[in-house]
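input_25.csv, holding CSV, C-alpha atoms (C1' of nucleotides):
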```csv
chain,number,residue,atom,x,y,z
X,1,MET,CA,37.5,302.8,119.8
X,2,THR,CA,34.2,301.4,120.8
X,3,ALA,CA,30.9,303.2,120.6
X,4,ASN,CA,30.7,303.1,124.3
X,5,ALA,CA,33.9,304.9,125.2
X,6,ALA,CA,33.8,307.3,122.3
X,7,ARG,CA,31.9,310.0,124.0
X,8,ALA,CA,34.0,310.5,127.1
X,9,ASP,CA,37.3,309.3,125.8
X,10,THR,CA,39.6,312.2,125.4
X,11,ARG,CA,37.7,314.7,127.5
X,12,PRO,CA,39.7,315.1,130.8
X,13,SER,CA,36.8,314.9,133.2
X,14,PRO,CA,33.3,316.3,133.9
X,15,ARG,CA,34.9,318.2,136.9
X,16,ARG,CA,31.9,318.3,139.2
X,17,ARG,CA,32.7,320.2,142.4
X,18,ALA,CA,36.2,321.3,141.5
X,19,GLY,CA,36.9,322.1,145.1
X,20,ASN,CA,37.2,318.9,147.1
X,21,GLY,CA,33.9,318.3,149.0
X,22,ALA,CA,33.1,314.6,148.8
X,23,ALA,CA,29.4,315.0,148.5
X,24,PRO,CA,27.8,311.7,149.6
X,25,ARG,CA,25.6,311.9,146.5
X,26,GLU,CA,27.8,309.4,144.7
X,27,ALA,CA,27.6,306.9,147.5
X,28,ALA,CA,24.3,305.9,145.9
X,29,GLY,CA,25.9,304.1,143.0
X,30,ASP,CA,26.0,306.6,140.1
X,31,ILE,CA,29.8,306.5,139.9
X,32,GLY,CA,30.7,306.3,136.3
X,33,LEU,CA,33.3,303.9,135.0
X,34,ASP,CA,34.1,306.0,132.0
X,35,ALA,CA,36.4,304.3,129.5
X,36,LEU,CA,36.4,301.2,131.7
X,37,VAL,CA,33.1,300.0,130.4
X,38,GLY,CA,34.6,299.5,127.0
X,39,HIS,CA,37.5,297.3,128.2
X,40,ALA,CA,37.1,293.5,127.9
X,41,GLY,CA,39.8,293.0,130.4
X,42,TYR,CA,37.9,294.8,133.2
X,43,ALA,CA,34.7,292.8,132.5
X,44,VAL,CA,36.6,289.6,132.3
X,45,ARG,CA,38.4,290.3,135.6
X,46,ARG,CA,35.2,291.1,137.5
X,47,PHE,CA,33.6,288.0,136.1
X,48,GLU,CA,36.5,285.8,137.0
X,49,ILE,CA,36.4,287.0,140.5
X,50,TRP,CA,32.7,286.1,140.8
X,51,ILE,CA,33.2,282.8,139.1
X,52,PHE,CA,36.1,281.8,141.3
X,53,GLN,CA,34.4,282.8,144.5
X,54,ASP,CA,31.4,280.6,143.5
X,55,PHE,CA,33.7,277.7,142.6
X,56,ILE,CA,35.6,278.0,145.9
X,57,ARG,CA,32.4,278.2,147.8
X,58,THR,CA,30.7,275.3,145.9
X,59,LEU,CA,33.7,273.1,146.4
X,60,GLY,CA,34.3,274.4,149.8
X,61,GLU,CA,33.1,271.2,151.5
X,62,VAL,CA,35.9,269.3,149.9
X,63,ASP,CA,38.4,272.1,150.1
X,64,ILE,CA,39.4,272.1,146.5
X,65,ARG,CA,40.5,275.2,144.6
X,66,PRO,CA,40.3,275.8,140.9
X,67,THR,CA,43.9,275.1,140.2
X,68,GLN,CA,43.9,271.9,142.2
X,69,TYR,CA,40.8,270.8,140.4
X,70,SER,CA,42.5,271.4,137.0
X,71,VAL,CA,45.5,269.4,138.0
X,72,LEU,CA,43.5,266.5,139.3
X,73,THR,CA,41.3,266.5,136.2
X,74,VAL,CA,44.3,266.4,133.8
X,75,ILE,CA,46.1,263.7,135.7
X,76,GLY,CA,42.9,261.7,135.9
X,77,ALA,CA,42.4,261.9,132.2
X,78,ASN,CA,46.1,261.3,131.4
X,79,PRO,CA,47.7,259.0,133.9
X,80,GLY,CA,51.4,258.8,133.9
X,81,LEU,CA,52.1,262.4,132.8
X,82,SER,CA,55.3,264.1,134.0
X,83,GLN,CA,55.1,267.2,136.1
X,84,MET,CA,56.6,269.2,133.2
X,85,ALA,CA,53.9,268.0,130.8
X,86,VAL,CA,51.1,268.9,133.3
X,87,ALA,CA,52.6,272.3,133.9
X,88,LYS,CA,53.0,273.1,130.3
X,89,ARG,CA,49.4,271.9,129.5
X,90,LEU,CA,47.8,274.0,132.2
X,91,GLY,CA,50.1,277.0,131.9
X,92,ILE,CA,51.4,276.5,135.5
X,93,GLU,CA,55.0,277.0,136.3
X,94,ARG,CA,56.7,273.8,137.2
X,95,ALA,CA,58.0,275.4,140.4
X,96,ARG,CA,54.4,276.2,141.4
X,97,LEU,CA,53.3,272.7,140.5
X,98,VAL,CA,55.7,271.2,143.0
X,99,HIS,CA,53.8,272.7,145.9
X,100,LEU,CA,50.4,271.9,144.4
X,101,LEU,CA,51.4,268.2,144.1
X,102,ASP,CA,53.0,268.2,147.6
X,103,SER,CA,49.6,269.2,149.0
X,104,LEU,CA,47.6,266.8,146.8
X,105,GLU,CA,50.0,264.0,147.7
X,106,GLN,CA,49.7,264.7,151.4
X,107,ARG,CA,46.0,264.3,151.0
X,108,LYS,CA,46.5,260.9,149.3
X,109,LEU,CA,44.8,262.0,146.1
X,110,VAL,CA,47.9,261.8,143.9
X,111,LYS,CA,51.1,259.8,143.8
X,112,ARG,CA,54.4,260.5,142.2
X,113,ILE,CA,56.0,257.4,140.8
X,114,LYS,CA,59.6,257.5,139.7
X,115,SER,CA,59.7,256.9,136.0
X,116,LYS,CA,62.0,254.1,135.0
X,117,GLU,CA,62.4,255.4,131.5
X,118,ASP,CA,63.5,258.8,132.5
X,119,ARG,CA,64.7,258.8,136.1
X,120,ARG,CA,64.6,262.6,136.3
X,121,SER,CA,60.8,262.7,136.0
X,122,HIS,CA,57.8,261.5,138.0
X,123,ALA,CA,54.9,259.7,136.5
X,124,LEU,CA,51.7,261.2,138.0
X,125,HIS,CA,48.8,259.1,139.0
X,126,LEU,CA,45.6,259.4,141.0
X,127,THR,CA,45.3,257.1,143.9
X,128,ALA,CA,42.3,255.0,144.2
X,129,GLN,CA,41.0,257.4,146.8
X,130,GLY,CA,41.9,260.2,144.4
X,131,GLU,CA,39.8,258.7,141.6
X,132,THR,CA,36.6,258.4,143.7
X,133,ALA,CA,37.3,261.9,145.2
X,134,LEU,CA,37.6,263.4,141.7
X,135,THR,CA,34.2,262.1,140.6
X,136,LYS,CA,32.8,263.9,143.6
X,137,PHE,CA,34.7,267.0,142.7
X,138,LYS,CA,33.4,266.8,139.2
X,139,ARG,CA,29.8,266.5,140.4
X,140,LEU,CA,30.3,269.6,142.5
X,141,ALA,CA,32.0,271.5,139.7
X,142,ALA,CA,29.1,270.7,137.5
X,143,GLU,CA,26.9,272.2,140.1
X,144,HIS,CA,29.0,275.3,140.1
X,145,GLU,CA,28.7,275.4,136.4
X,146,ARG,CA,24.9,275.5,136.8
X,147,HIS,CA,25.4,278.6,139.0
X,148,VAL,CA,27.2,280.2,136.1
X,149,GLU,CA,24.4,279.3,133.8
X,150,ALA,CA,21.9,280.8,136.2
X,151,LYS,CA,24.0,284.0,136.4
X,152,ILE,CA,24.6,284.8,132.7
X,153,GLY,CA,22.2,282.5,130.9
X,154,LYS,CA,22.6,279.1,129.3
X,155,GLU,CA,23.1,280.4,125.8
X,156,ASN,CA,25.5,283.1,126.9
X,157,ARG,CA,27.6,280.6,128.8
X,158,ALA,CA,27.8,278.4,125.7
X,159,HIS,CA,28.6,281.3,123.5
X,160,LEU,CA,31.3,282.4,125.9
X,161,LEU,CA,32.9,279.0,125.9
X,162,ARG,CA,32.9,279.0,122.1
X,163,ILE,CA,34.5,282.5,122.0
X,164,LEU,CA,37.3,281.5,124.4
X,165,ALA,CA,37.8,278.0,123.2
X,166,GLY,CA,41.2,279.0,121.7
X,167,PHE,CA,42.7,279.8,125.0
X,168,THR,CA,42.2,276.4,126.6
R,1,MET,CA,26.4,269.6,131.1
R,2,THR,CA,27.8,270.6,127.8
R,3,ALA,CA,28.0,268.3,124.8
R,4,ASN,CA,31.8,268.5,125.2
R,5,ALA,CA,32.2,267.1,128.7
R,6,ALA,CA,29.3,264.7,128.5
R,7,ARG,CA,31.3,261.8,127.1
R,8,ALA,CA,34.1,261.6,129.6
R,9,ASP,CA,32.4,263.1,132.6
R,10,THR,CA,31.8,260.4,135.1
R,11,ARG,CA,34.1,257.9,133.7
R,12,PRO,CA,37.2,257.6,135.9
R,13,SER,CA,39.8,257.7,133.3
R,14,PRO,CA,40.9,256.1,130.0
R,15,ARG,CA,43.8,254.5,131.9
R,16,ARG,CA,46.4,254.3,129.2
R,17,ARG,CA,49.6,252.6,130.4
R,18,ALA,CA,48.4,251.6,133.8
R,19,GLY,CA,52.0,251.0,134.9
R,20,ASN,CA,53.9,254.2,135.1
R,21,GLY,CA,56.0,254.7,132.0
R,22,ALA,CA,55.8,258.3,130.9
R,23,ALA,CA,55.9,257.7,127.2
R,24,PRO,CA,56.8,261.0,125.5
R,25,ARG,CA,53.9,260.5,123.1
R,26,GLU,CA,51.9,263.0,125.0
R,27,ALA,CA,54.6,265.7,124.8
R,28,ALA,CA,53.2,266.4,121.3
R,29,GLY,CA,50.1,268.1,122.6
R,30,ASP,CA,47.3,265.5,122.7
R,31,ILE,CA,46.9,265.8,126.4
R,32,GLY,CA,43.2,265.9,127.0
R,33,LEU,CA,41.6,268.4,129.4
R,34,ASP,CA,38.6,266.2,130.0
R,35,ALA,CA,35.9,268.0,132.0
R,36,LEU,CA,37.9,271.1,132.0
R,37,VAL,CA,36.8,272.1,128.5
R,38,GLY,CA,33.3,272.5,129.8
R,39,HIS,CA,34.2,274.9,132.5
R,40,ALA,CA,33.7,278.6,131.9
R,41,GLY,CA,36.1,279.4,134.7
R,42,TYR,CA,39.0,277.7,133.1
R,43,ALA,CA,38.5,279.4,129.8
R,44,VAL,CA,38.0,282.7,131.4
R,45,ARG,CA,41.1,282.3,133.5
R,46,ARG,CA,43.3,281.5,130.6
R,47,PHE,CA,41.8,284.4,128.6
R,48,GLU,CA,42.4,286.8,131.5
R,49,ILE,CA,46.0,285.8,131.7
R,50,TRP,CA,46.5,286.5,128.1
R,51,ILE,CA,44.6,289.8,128.2
R,52,PHE,CA,46.5,291.1,131.2
R,53,GLN,CA,49.8,290.2,129.7
R,54,ASP,CA,48.9,292.2,126.6
R,55,PHE,CA,47.7,295.1,128.7
R,56,ILE,CA,50.8,295.2,130.8
R,57,ARG,CA,53.0,294.9,127.7
R,58,THR,CA,51.1,297.5,125.7
R,59,LEU,CA,51.1,300.0,128.6
R,60,GLY,CA,54.6,299.0,129.6
R,61,GLU,CA,56.2,302.2,128.3
R,62,VAL,CA,54.2,304.1,130.8
R,63,ASP,CA,54.4,301.5,133.6
R,64,ILE,CA,50.7,301.3,134.3
R,65,ARG,CA,49.0,298.0,135.3
R,66,PRO,CA,45.3,297.2,134.9
R,67,THR,CA,44.3,298.0,138.5
R,68,GLN,CA,46.2,301.3,138.4
R,69,TYR,CA,44.5,302.2,135.2
R,70,SER,CA,41.0,301.4,136.6
R,71,VAL,CA,41.7,303.6,139.6
R,72,LEU,CA,42.9,306.5,137.6
R,73,THR,CA,40.0,306.3,135.2
R,74,VAL,CA,37.4,306.3,137.9
R,75,ILE,CA,39.0,309.2,139.8
R,76,GLY,CA,39.3,311.1,136.5
R,77,ALA,CA,35.6,310.6,135.8
R,78,ASN,CA,34.5,311.3,139.3
R,79,PRO,CA,36.8,313.8,141.0
R,80,GLY,CA,36.4,314.1,144.7
R,81,LEU,CA,35.5,310.5,145.5
R,82,SER,CA,36.6,309.0,148.8
R,83,GLN,CA,38.9,306.0,148.9
R,84,MET,CA,36.0,304.0,150.2
R,85,ALA,CA,33.8,304.9,147.3
R,86,VAL,CA,36.5,304.0,144.8
R,87,ALA,CA,37.2,300.7,146.5
R,88,LYS,CA,33.6,299.7,146.6
R,89,ARG,CA,33.0,300.7,143.0
R,90,LEU,CA,35.9,298.8,141.6
R,91,GLY,CA,35.7,295.8,144.0
R,92,ILE,CA,39.1,296.6,145.5
R,93,GLU,CA,39.7,296.3,149.2
R,94,ARG,CA,40.3,299.6,150.9
R,95,ALA,CA,43.5,298.2,152.4
R,96,ARG,CA,44.8,297.5,149.0
R,97,LEU,CA,43.7,300.8,147.6
R,98,VAL,CA,46.0,302.5,150.2
R,99,HIS,CA,49.1,301.1,148.6
R,100,LEU,CA,47.8,301.8,145.1
R,101,LEU,CA,47.2,305.4,145.9
R,102,ASP,CA,50.5,305.7,147.7
R,103,SER,CA,52.2,304.7,144.5
R,104,LEU,CA,50.1,306.9,142.2
R,105,GLU,CA,50.6,309.9,144.6
R,106,GLN,CA,54.3,309.4,144.6
R,107,ARG,CA,54.2,309.6,140.8
R,108,LYS,CA,52.3,312.9,141.1
R,109,LEU,CA,49.3,311.5,139.2
R,110,VAL,CA,46.8,311.7,142.1
R,111,LYS,CA,46.4,313.8,145.1
R,112,ARG,CA,44.6,313.1,148.4
R,113,ILE,CA,42.8,316.2,149.7
R,114,LYS,CA,41.5,316.1,153.3
R,115,SER,CA,37.8,316.5,153.1
R,116,LYS,CA,36.4,319.3,155.2
R,117,GLU,CA,32.9,317.7,155.4
R,118,ASP,CA,34.1,314.4,156.7
R,119,ARG,CA,37.5,314.7,158.2
R,120,ARG,CA,38.0,310.9,158.2
R,121,SER,CA,38.0,310.7,154.4
R,122,HIS,CA,40.2,311.9,151.5
R,123,ALA,CA,38.8,313.5,148.4
R,124,LEU,CA,40.7,312.0,145.5
R,125,HIS,CA,41.7,314.1,142.5
R,126,LEU,CA,43.9,313.8,139.5
R,127,THR,CA,46.8,316.2,139.3
R,128,ALA,CA,47.2,318.3,136.2
R,129,GLN,CA,50.0,315.9,135.3
R,130,GLY,CA,47.7,313.0,136.0
R,131,GLU,CA,45.0,314.3,133.6
R,132,THR,CA,47.3,314.6,130.7
R,133,ALA,CA,48.9,311.2,131.6
R,134,LEU,CA,45.5,309.6,131.7
R,135,THR,CA,44.6,310.6,128.2
R,136,LYS,CA,47.8,308.9,127.0
R,137,PHE,CA,47.0,305.8,129.1
R,138,LYS,CA,43.6,305.7,127.5
R,139,ARG,CA,45.1,305.9,124.0
R,140,LEU,CA,47.4,303.0,124.8
R,141,ALA,CA,44.5,301.1,126.4
R,142,ALA,CA,42.5,301.5,123.3
R,143,GLU,CA,45.4,300.1,121.3
R,144,HIS,CA,45.4,297.1,123.7
R,145,GLU,CA,41.7,296.7,123.0
R,146,ARG,CA,42.4,296.4,119.3
R,147,HIS,CA,44.8,293.6,120.1
R,148,VAL,CA,41.9,291.8,121.8
R,149,GLU,CA,39.7,292.4,118.8
R,150,ALA,CA,42.5,291.0,116.6
R,151,LYS,CA,42.7,287.9,118.9
R,152,ILE,CA,39.1,286.9,119.3
R,153,GLY,CA,37.3,288.9,116.6
R,154,LYS,CA,35.5,292.2,116.6
R,155,GLU,CA,32.1,290.7,117.0
R,156,ASN,CA,33.1,288.2,119.6
R,157,ARG,CA,34.6,290.9,121.7
R,158,ALA,CA,31.5,293.0,121.5
R,159,HIS,CA,29.4,290.0,122.3
R,160,LEU,CA,31.6,289.2,125.3
R,161,LEU,CA,31.3,292.7,126.6
R,162,ARG,CA,27.5,292.4,126.4
R,163,ILE,CA,27.4,289.0,128.2
R,164,LEU,CA,29.6,290.3,131.0
R,165,ALA,CA,28.1,293.8,131.3
R,166,GLY,CA,26.3,292.9,134.5
R,167,PHE,CA,29.6,292.4,136.3
R,168,THR,CA,31.0,295.9,135.8
H,1,DG,C1',83.7,260.9,127.7
H,2,DG,C1',82.3,265.5,128.1
H,3,DC,C1',79.0,269.2,127.7
H,4,DA,C1',74.5,271.2,127.0
H,5,DA,C1',69.6,270.5,127.9
H,6,DT,C1',65.9,268.7,130.8
H,7,DT,C1',63.4,267.7,135.2
H,8,DG,C1',62.2,268.3,139.7
H,9,DT,C1',63.2,271.1,143.6
H,10,DT,C1',64.2,275.1,146.6
H,11,DG,C1',64.2,279.9,147.3
H,12,DT,C1',63.1,284.9,146.5
H,13,DC,C1',60.3,288.7,144.9
H,14,DG,C1',56.1,291.1,143.7
H,15,DT,C1',51.0,291.1,142.9
H,16,DC,C1',46.7,290.4,144.8
H,17,DA,C1',42.5,289.0,147.9
H,18,DA,C1',41.1,288.3,152.6
H,19,DC,C1',41.3,289.5,157.3
H,20,DA,C1',42.2,291.6,161.7
H,21,DA,C1',43.4,295.4,164.5
H,22,DC,C1',43.9,300.2,165.4
H,23,DA,C1',43.3,305.6,165.7
H,24,DT,C1',40.5,309.2,164.2
H,25,DT,C1',36.2,311.0,163.2
H,26,DC,C1',31.2,310.8,162.5
H,27,DT,C1',26.5,309.3,163.7
H,28,DT,C1',23.1,307.7,166.6
H,29,DC,C1',20.7,307.0,170.6
H,30,DC,C1',19.7,307.7,175.4
G,1,DG,C1',25.4,316.5,175.9
G,2,DG,C1',27.7,312.4,176.3
G,3,DA,C1',28.4,307.4,175.5
G,4,DA,C1',28.1,303.6,172.2
G,5,DG,C1',28.5,302.1,167.7
G,6,DA,C1',29.7,302.7,162.9
G,7,DA,C1',32.7,304.4,159.1
G,8,DT,C1',37.3,305.7,157.1
G,9,DG,C1',42.0,305.3,156.4
G,10,DT,C1',46.0,302.8,157.8
G,11,DT,C1',49.1,299.0,159.1
G,12,DG,C1',50.1,294.3,159.3
G,13,DT,C1',49.6,289.2,158.4
G,14,DT,C1',48.3,285.3,155.8
G,15,DG,C1',47.9,282.5,151.7
G,16,DA,C1',47.3,281.8,146.5
G,17,DC,C1',49.7,282.8,142.4
G,18,DG,C1',53.1,284.2,138.5
G,19,DA,C1',57.9,285.1,137.4
G,20,DC,C1',62.7,284.2,138.1
G,21,DA,C1',67.0,282.3,139.5
G,22,DA,C1',69.9,278.7,141.1
G,23,DC,C1',70.9,273.9,142.0
G,24,DA,C1',71.5,268.4,141.8
G,25,DA,C1',70.4,264.5,139.2
G,26,DT,C1',69.8,262.7,134.9
G,27,DT,C1',69.5,262.4,129.9
G,28,DG,C1',70.9,263.3,125.2
G,29,DC,C1',74.0,265.0,121.9
G,30,DC,C1',78.5,265.3,119.7
```

Just give me the structure of the file as structure tokens.
Amino acid sequence: MTANAARADTRPSPRRRAGNGAAPREAAGDIGLDALVGHAGYAVRRFEIWIFQDFIRTLGEVDIRPTQYSVLTVIGANPGLSQMAVAKRLGIERARLVHLLDSLEQRKLVKRIKSKEDRRSHALHLTAQGETALTKFKRLAAEHERHVEAKIGKENRAHLLRILAGFT
Amino acid sequence: MTANAARADTRPSPRRRAGNGAAPREAAGDIGLDALVGHAGYAVRRFEIWIFQDFIRTLGEVDIRPTQYSVLTVIGANPGLSQMAVAKRLGIERARLVHLLDSLEQRKLVKRIKSKEDRRSHALHLTAQGETALTKFKRLAAEHERHVEAKIGKENRAHLLRILAGFT
DNA sequence: GGCAATTGTTGTCGTCAACAACATTCTTCC
DNA sequence: GGAAGAATGTTGTTGACGACAACAATTGCC
């Protein structure tokens, strides 16, 4: 139990206005989160929502979402990977990756080349267009990352990356 | 730019095996993430997946998911809130909250009481059964939180909560 | 040669965020 | 006091995403 949640943990509730009147007093912003403030998952979730919104907005002009960006980056750094390898590396289901690649292939950013060594699999490559596009995406993503720094602080961001390095 | 991503940032790609052969060498685990390792969003996303899976598993015996837990906790700490107030406080859309409350009301954990002051709105309360259930949920959630501590370290978890406190 | 495993694909289901539209009720403004 | 606009809860749709299950083609194992 954290020091935060210790006080109000097992107590049922303050029970203000036991009746039912929804006094507009709470509309101000003094709604307590109770045990929620001690939960890492809640903070992480709220943060992830913020960070994804900023990513999507910052890369909105090129219409690239976080998952698409991660797929392009990994393919760009490791040309020739199979879909299975990419899916496993990024924690995406291979069924989901099919649609992602369909979309990216339609946009001429990625191409699937039938492997001659294992004819079940596809070797994934960026197209020439995909390469130049990716460098632009990376520039925008770096800009998004500066937004994160501005939001939580440069040192905090670095510390956070260090804490969560094991999950990448 | 972080020290990590600085090296391979703008370079297009190492271009190993420009042909297409998907050599199984990479299956081992040496697939580089390139710029991805410098992105807080990616790390946060992978972490959130892990933390949610553990939460769902730990509270599996009571069949409570993170969002349901957050709703119950806030209602428990602030009886009489309207749906709008809860939605705004937790960053949930009010349309989504309707289904959440439908489910929780069916399970007799929450009741909607028509407010007499504003007949558009419902005052939300825990049932007696909901109160006792919530204390059990909190106990399980605390257990989940210990799993987080075990995973990333006690100090890191505390530091992370401090960094992200502004998003709650 | 035959059988299990792998790869990509298709499909379904459930969760979740984002909207849009609507009826009821409140608030504001004339 | 009454009309216009806003707020609240509800219903429905869309799209991204994770989890599964089933399938054909291909590979690897025995």

At most 10 Å to chain X: residues in chain G, all atoms listed in the file, as a CSV table (one decimal) with C-alpha atoms (C1' of nucleotides), keeping the file's coordinate frame:
```
chain,number,residue,atom,x,y,z
G,16,DA,C1',47.3,281.8,146.5
G,17,DC,C1',49.7,282.8,142.4
G,18,DG,C1',53.1,284.2,138.5
G,19,DA,C1',57.9,285.1,137.4
G,25,DA,C1',70.4,264.5,139.2
G,26,DT,C1',69.8,262.7,134.9
G,27,DT,C1',69.5,262.4,129.9
```

Practice problem: Find the residues of chain H in contact range of chain X, meaning any atom within 9 Å when counting only C-alpha atoms (C1' of nucleotides), and list them as a ChimeraX atom specification. | Solution: /H:6-10

Please, could you write that set of residues out with C-alpha atoms (C1' of nucleotides) as a JSON list (two decimals), keeping the file's coordinate frame?
```json
[["chain", "number", "residue", "atom", "x", "y", "z"],
["H", 6, "DT", "C1'", 65.90, 268.70, 130.80],
["H", 7, "DT", "C1'", 63.40, 267.70, 135.20],
["H", 8, "DG", "C1'", 62.20, 268.30, 139.70],
["H", 9, "DT", "C1'", 63.20, 271.10, 143.60],
["H", 10, "DT", "C1'", 64.20, 275.10, 146.60]]
```

Quiz prompt | Shell of 12 Å around DT12 of chain H, all atoms listed in the file, local chain residues under 4 positions omitted, as a count of residues only | solution = 4

Practice problem: One decimal, Å: what's the distance from atom CA of Lys138 of chain X over to atom CA of Arg46 of chain R, could you say? | Solution: 19.7 Å

Self-check item: Pick from X:Thr58, X:Ile64, X:Leu72, X:Ile152, whichever lies nearest to chain R using all atoms listed in the file
Solution: X:Ile152

Quiz item: In Å to one decimal, how far is atom CA of Leu81 of chain R from atom CA of Leu124 of chain R?
Solution: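 For atom CA of Leu124 of chain R relative to atom CA of Leu81 of chain R, the distance reads 5.4 Å.
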
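For the atom pair formed by atom CA of Lys111 of chain R and atom C1' of DT15 of chain H, the distance is 23.3 Å, given to one decimal.
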
Quiz item: Which is closer to chain R than all the others in X:Glu61, X:Glu117, X:Glu155, X:Asp30, using all atoms listed in the file?
Solution: X:Glu117
